[in-house]
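The next block is start20.csv, given as CSV, C-alpha atoms.
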chain,number,residue,atom,x,y,z
A,1,MET,CA,-7.5,10.8,13.9
A,2,MET,CA,-9.0,9.1,10.9
A,3,ARG,CA,-10.3,5.5,11.4
A,4,ALA,CA,-12.2,3.6,8.7
A,5,LEU,CA,-13.9,0.3,9.5
A,6,HIS,CA,-14.6,-2.2,6.8
A,7,ALA,CA,-16.1,-5.7,7.0
A,8,ILE,CA,-13.9,-8.5,5.7
A,9,ALA,CA,-15.9,-10.4,3.1
A,10,GLY,CA,-16.2,-14.1,3.0
A,11,THR,CA,-15.6,-14.8,6.7
A,12,PRO,CA,-18.1,-16.9,8.7
A,13,ALA,CA,-18.9,-13.9,11.0
A,14,PRO,CA,-18.0,-10.7,9.2
A,15,ALA,CA,-14.8,-9.5,10.8
A,16,GLN,CA,-14.2,-5.8,11.0
A,17,VAL,CA,-10.9,-4.3,9.8
A,18,GLU,CA,-9.8,-1.0,11.1
A,19,VAL,CA,-7.6,1.2,8.9
A,20,ARG,CA,-5.8,4.0,10.7
A,21,PRO,CA,-2.7,6.1,10.5
A,22,SER,CA,0.4,4.1,11.5
A,23,THR,CA,2.4,5.1,14.5
A,24,PHE,CA,6.1,4.9,15.1
A,25,ASP,CA,5.6,2.0,17.5
A,26,GLU,CA,4.3,-0.1,14.5
A,27,ARG,CA,7.7,-0.1,12.8
A,28,GLN,CA,8.6,-3.7,13.8
A,29,ALA,CA,5.1,-5.0,12.9
A,30,ILE,CA,5.4,-3.4,9.4
A,31,TYR,CA,8.8,-5.0,9.0
A,32,ASN,CA,7.4,-8.4,10.1
A,33,ILE,CA,4.5,-8.2,7.7
A,34,LEU,CA,6.9,-7.7,4.8
A,35,MET,CA,9.0,-10.7,5.9
A,36,ARG,CA,6.0,-12.9,6.3
A,37,SER,CA,4.4,-11.8,3.0
A,38,GLU,CA,5.8,-14.6,0.8
A,39,ILE,CA,6.4,-11.8,-1.7
A,40,PHE,CA,9.0,-9.5,-0.3
A,41,GLY,CA,12.4,-10.2,1.0
A,42,CYS,CA,15.1,-8.6,3.3
A,43,ALA,CA,16.1,-5.9,0.8
A,44,ASP,CA,12.4,-4.9,0.4
A,45,ALA,CA,11.9,-4.8,4.2
A,46,GLU,CA,15.1,-2.8,4.7
A,47,CYS,CA,14.0,-0.3,2.0
A,48,VAL,CA,10.5,0.1,3.7
A,49,ASP,CA,12.2,0.4,7.1
A,50,ALA,CA,14.4,3.3,5.8
A,51,MET,CA,11.3,5.0,4.3
A,52,PHE,CA,9.5,4.5,7.6
A,53,LEU,CA,12.3,6.0,9.6
A,54,GLU,CA,12.6,8.9,7.2
A,55,THR,CA,9.0,9.7,7.9
A,56,TRP,CA,9.5,10.2,11.6
A,57,GLN,CA,13.1,11.4,11.7
A,58,SER,CA,12.9,14.1,9.0
A,59,PRO,CA,11.3,17.5,9.5
A,60,PRO,CA,7.6,17.5,8.4
A,61,ARG,CA,7.3,18.2,4.6
A,62,GLU,CA,4.3,18.2,2.3
A,63,ASP,CA,5.8,15.3,0.3
A,64,ASN,CA,6.6,13.0,3.4
A,65,TYR,CA,5.5,9.4,3.2
A,66,ARG,CA,2.2,8.6,4.7
A,67,TRP,CA,1.4,5.3,6.4
A,68,LEU,CA,-1.7,3.4,7.2
A,69,SER,CA,-2.1,0.2,9.3
A,70,CYS,CA,-4.8,-2.3,8.9
A,71,TRP,CA,-6.0,-4.1,12.1
A,72,CYS,CA,-8.3,-7.1,12.7
A,73,ASP,CA,-9.1,-8.8,16.0
A,74,GLY,CA,-6.4,-6.8,17.8
A,75,ARG,CA,-3.6,-7.7,15.4
A,76,MET,CA,-2.0,-5.7,12.6
A,77,ILE,CA,-2.6,-7.5,9.3
A,78,GLY,CA,-1.4,-5.0,6.7
A,79,PHE,CA,-0.1,-1.6,5.9
A,80,ALA,CA,0.2,0.9,3.0
A,81,CYS,CA,2.7,3.6,2.3
A,82,TYR,CA,1.7,6.4,-0.1
A,83,GLY,CA,2.3,10.1,-0.6
A,84,PRO,CA,2.4,13.0,-3.0
A,85,GLU,CA,5.0,12.9,-5.7
A,86,SER,CA,7.5,15.8,-5.6
A,87,LEU,CA,7.6,18.2,-8.5
A,88,THR,CA,4.1,17.2,-9.8
A,89,ASP,CA,0.8,18.9,-9.8
A,90,ARG,CA,-1.1,16.9,-7.1
A,91,THR,CA,0.1,13.4,-8.3
A,92,TRP,CA,0.2,10.8,-5.6
A,93,ASP,CA,2.0,7.5,-5.5
A,94,LEU,CA,1.1,4.2,-3.8
A,95,PHE,CA,4.6,3.0,-2.8
A,96,TRP,CA,3.8,-0.1,-0.8
A,97,ILE,CA,0.7,-2.2,0.2
A,98,CYS,CA,1.1,-5.5,1.9
A,99,VAL,CA,-1.3,-7.8,3.8
A,100,VAL,CA,-0.3,-11.0,5.6
A,101,PRO,CA,-1.1,-14.2,3.6
A,102,GLU,CA,-3.9,-15.4,5.8
A,103,ALA,CA,-5.8,-12.1,5.4
A,104,ARG,CA,-5.5,-11.9,1.6
A,105,GLY,CA,-8.7,-12.1,-0.5
A,106,LYS,CA,-10.8,-11.1,2.5
A,107,GLY,CA,-11.0,-7.3,2.0
A,108,ALA,CA,-8.0,-6.0,4.0
A,109,GLY,CA,-6.2,-4.9,0.8
A,110,ARG,CA,-9.4,-3.3,-0.6
A,111,ALA,CA,-9.9,-1.4,2.7
A,112,LEU,CA,-6.3,-0.1,2.6
A,113,MET,CA,-6.7,0.9,-1.0
A,114,ALA,CA,-9.9,2.7,-0.4
A,115,GLU,CA,-8.4,4.7,2.5
A,116,VAL,CA,-5.3,5.6,0.6
A,117,GLU,CA,-7.4,6.9,-2.2
A,118,SER,CA,-9.7,8.7,0.2
A,119,GLN,CA,-6.9,10.4,2.0
A,120,ALA,CA,-5.1,11.4,-1.2
A,121,HIS,CA,-8.3,12.8,-2.6
A,122,GLN,CA,-9.1,14.7,0.6
A,123,ALA,CA,-5.6,16.2,0.5
A,124,GLY,CA,-6.3,17.6,-3.0
A,125,GLY,CA,-4.7,14.7,-5.0
A,126,ARG,CA,-5.5,14.7,-8.7
A,127,LEU,CA,-4.3,11.3,-9.7
A,128,MET,CA,-2.5,8.3,-8.3
A,129,VAL,CA,0.3,6.1,-9.8
A,130,ILE,CA,1.5,2.7,-8.8
A,131,TYR,CA,4.6,0.9,-10.0
A,132,THR,CA,4.6,-2.9,-9.8
A,133,SER,CA,6.2,-6.1,-11.1
A,134,SER,CA,4.8,-8.2,-13.9
A,135,THR,CA,5.8,-11.5,-12.3
A,136,PRO,CA,3.2,-14.1,-11.2
A,137,LYS,CA,3.6,-13.5,-7.5
A,138,TYR,CA,2.4,-9.9,-8.0
A,139,ALA,CA,-0.7,-11.0,-9.9
A,140,PRO,CA,-3.0,-10.6,-6.8
A,141,ALA,CA,-1.7,-7.0,-6.4
A,142,ARG,CA,-2.4,-6.2,-10.0
A,143,ARG,CA,-5.9,-7.6,-9.6
A,144,LEU,CA,-6.4,-5.5,-6.5
A,145,TYR,CA,-5.4,-2.4,-8.4
A,146,GLU,CA,-7.5,-3.2,-11.4
A,147,SER,CA,-10.6,-4.0,-9.2
A,148,ALA,CA,-10.1,-0.5,-7.6
A,149,GLY,CA,-10.3,1.1,-11.1
A,150,PHE,CA,-6.6,1.5,-11.8
A,151,ILE,CA,-5.5,1.1,-15.5
A,152,CYS,CA,-2.2,-0.3,-16.6
A,153,VAL,CA,-0.9,2.6,-18.8
A,154,ALA,CA,2.6,1.5,-19.5
A,155,VAL,CA,4.9,-1.5,-19.4
A,156,VAL,CA,8.7,-1.1,-19.3
A,157,PRO,CA,10.2,-4.5,-20.4
A,158,ASP,CA,12.9,-6.1,-18.2
A,159,TYR,CA,12.8,-3.1,-15.8
A,160,TYR,CA,13.4,-5.0,-12.5
A,161,ALA,CA,15.3,-7.9,-14.1
A,162,GLU,CA,15.3,-10.0,-17.3
A,163,GLY,CA,11.6,-11.1,-17.7
A,164,ASP,CA,10.4,-8.9,-14.9
A,165,ASP,CA,8.6,-5.9,-16.5
A,166,LEU,CA,7.5,-2.7,-14.7
A,167,ASN,CA,3.7,-2.2,-14.9
A,168,ILE,CA,2.6,1.4,-14.3
A,169,TYR,CA,-0.9,1.8,-13.1
A,170,TRP,CA,-2.9,5.1,-13.1
A,171,LYS,CA,-6.1,6.4,-11.8
A,172,ARG,CA,-7.7,9.8,-11.6
A,173,LEU,CA,-8.9,10.6,-8.1

Write out the structure in this file as structure tokens.
Amino acid sequence: MMRALHAIAGTPAPAQVEVRPSTFDERQAIYNILMRSEIFGCADAECVDAMFLETWQSPPREDNYRWLSCWCDGRMIGFACYGPESLTDRTWDLFWICVVPEARGKGAGRALMAEVESQAHQAGGRLMVIYTSSTPKYAPARRLYESAGFICVAVVPDYYAEGDDLNIYWKRL
């Protein structure tokens, strides 16, 4: 089992976050993180829950979703969902990454991103793609992606809704 420990920057006594593979028992915690996020709503949480269930209820496949949980002080503070994109040559997607509001800006998102990239690279990933919204509430996520070396390579106007463009980020692993 892979475990990565990272110090959360900017805390009085550096807190350690642990990033590890999610378990089925963390299903409700992942749902709750989305609902507490101040970014995502019920429809998003239901979509993630369906993806999560598919991971454990489907026969194992190479392109199954993969899940990481981020823990600090005995509590789950974030998660990521990622995986290889079907019908591509080693292209991976980051589907979801979410950290509870009180843990944002303290390194939990960076720890999750680093582990997602590491796991994809170790599995032979060639590049990673992220789809995200252009709205102001997604600005911290876009900054996280850019600070991790992702480049916005395309914008699809009004993709999600009028005035809500799709930003496509890309990085070679």

Review point. Which residues, written as a list of chain:residue names, have at least one atom at most 12 Å from Trp56 in chain A, with all atoms listed in the file counted and residues fewer than 2 positions away on the same chain left out?
Key: A:Ser22, A:Thr23, A:Phe24, A:Asp25, A:Glu26, A:Arg27, A:Asp49, A:Ala50, A:Met51, A:Phe52, A:Leu53, A:Glu54, A:Ser58, A:Pro59, A:Pro60, A:Arg61, A:Asn64, A:Tyr65, A:Arg66, A:Trp67

Practice item. For a cut-off of 10 Å around (-9.9, -11.4, 15.5), file coordinates, pick out all residues using all atoms listed in the file and list them as a list in words. Key: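 Here the neighbourhood of the point contains Ala15, Gln16, Val17, Trp71, Cys72, Asp73, Gly74 and Arg75 of chain A.
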
Practice item. Find the residue from A:Pro157, A:Met76, A:Glu62, A:Tyr31 that sits nearest to Glu102 in chain A; use all atoms listed in the file when measuring. Key: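 Checking each of A:Pro157, A:Met76, A:Glu62, A:Tyr31 against Glu102 in chain A, counting all atoms listed in the file, the winner is A:Met76.
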
Check your understanding: Mind listing as an NGL selection string all residues within 10 Å of (-4.8, 17.6, -1.0), counting all atoms listed in the file?
Key -> :A and (62 or 84 or 90-92 or 119-126)

Exercise for review: For CA of Gly163 in chain A and CA of Tyr145 in chain A, quote the distance in Å rounded to one decimal.
Suggested key: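 Distance reported for this atom pair: 21.2 Å.
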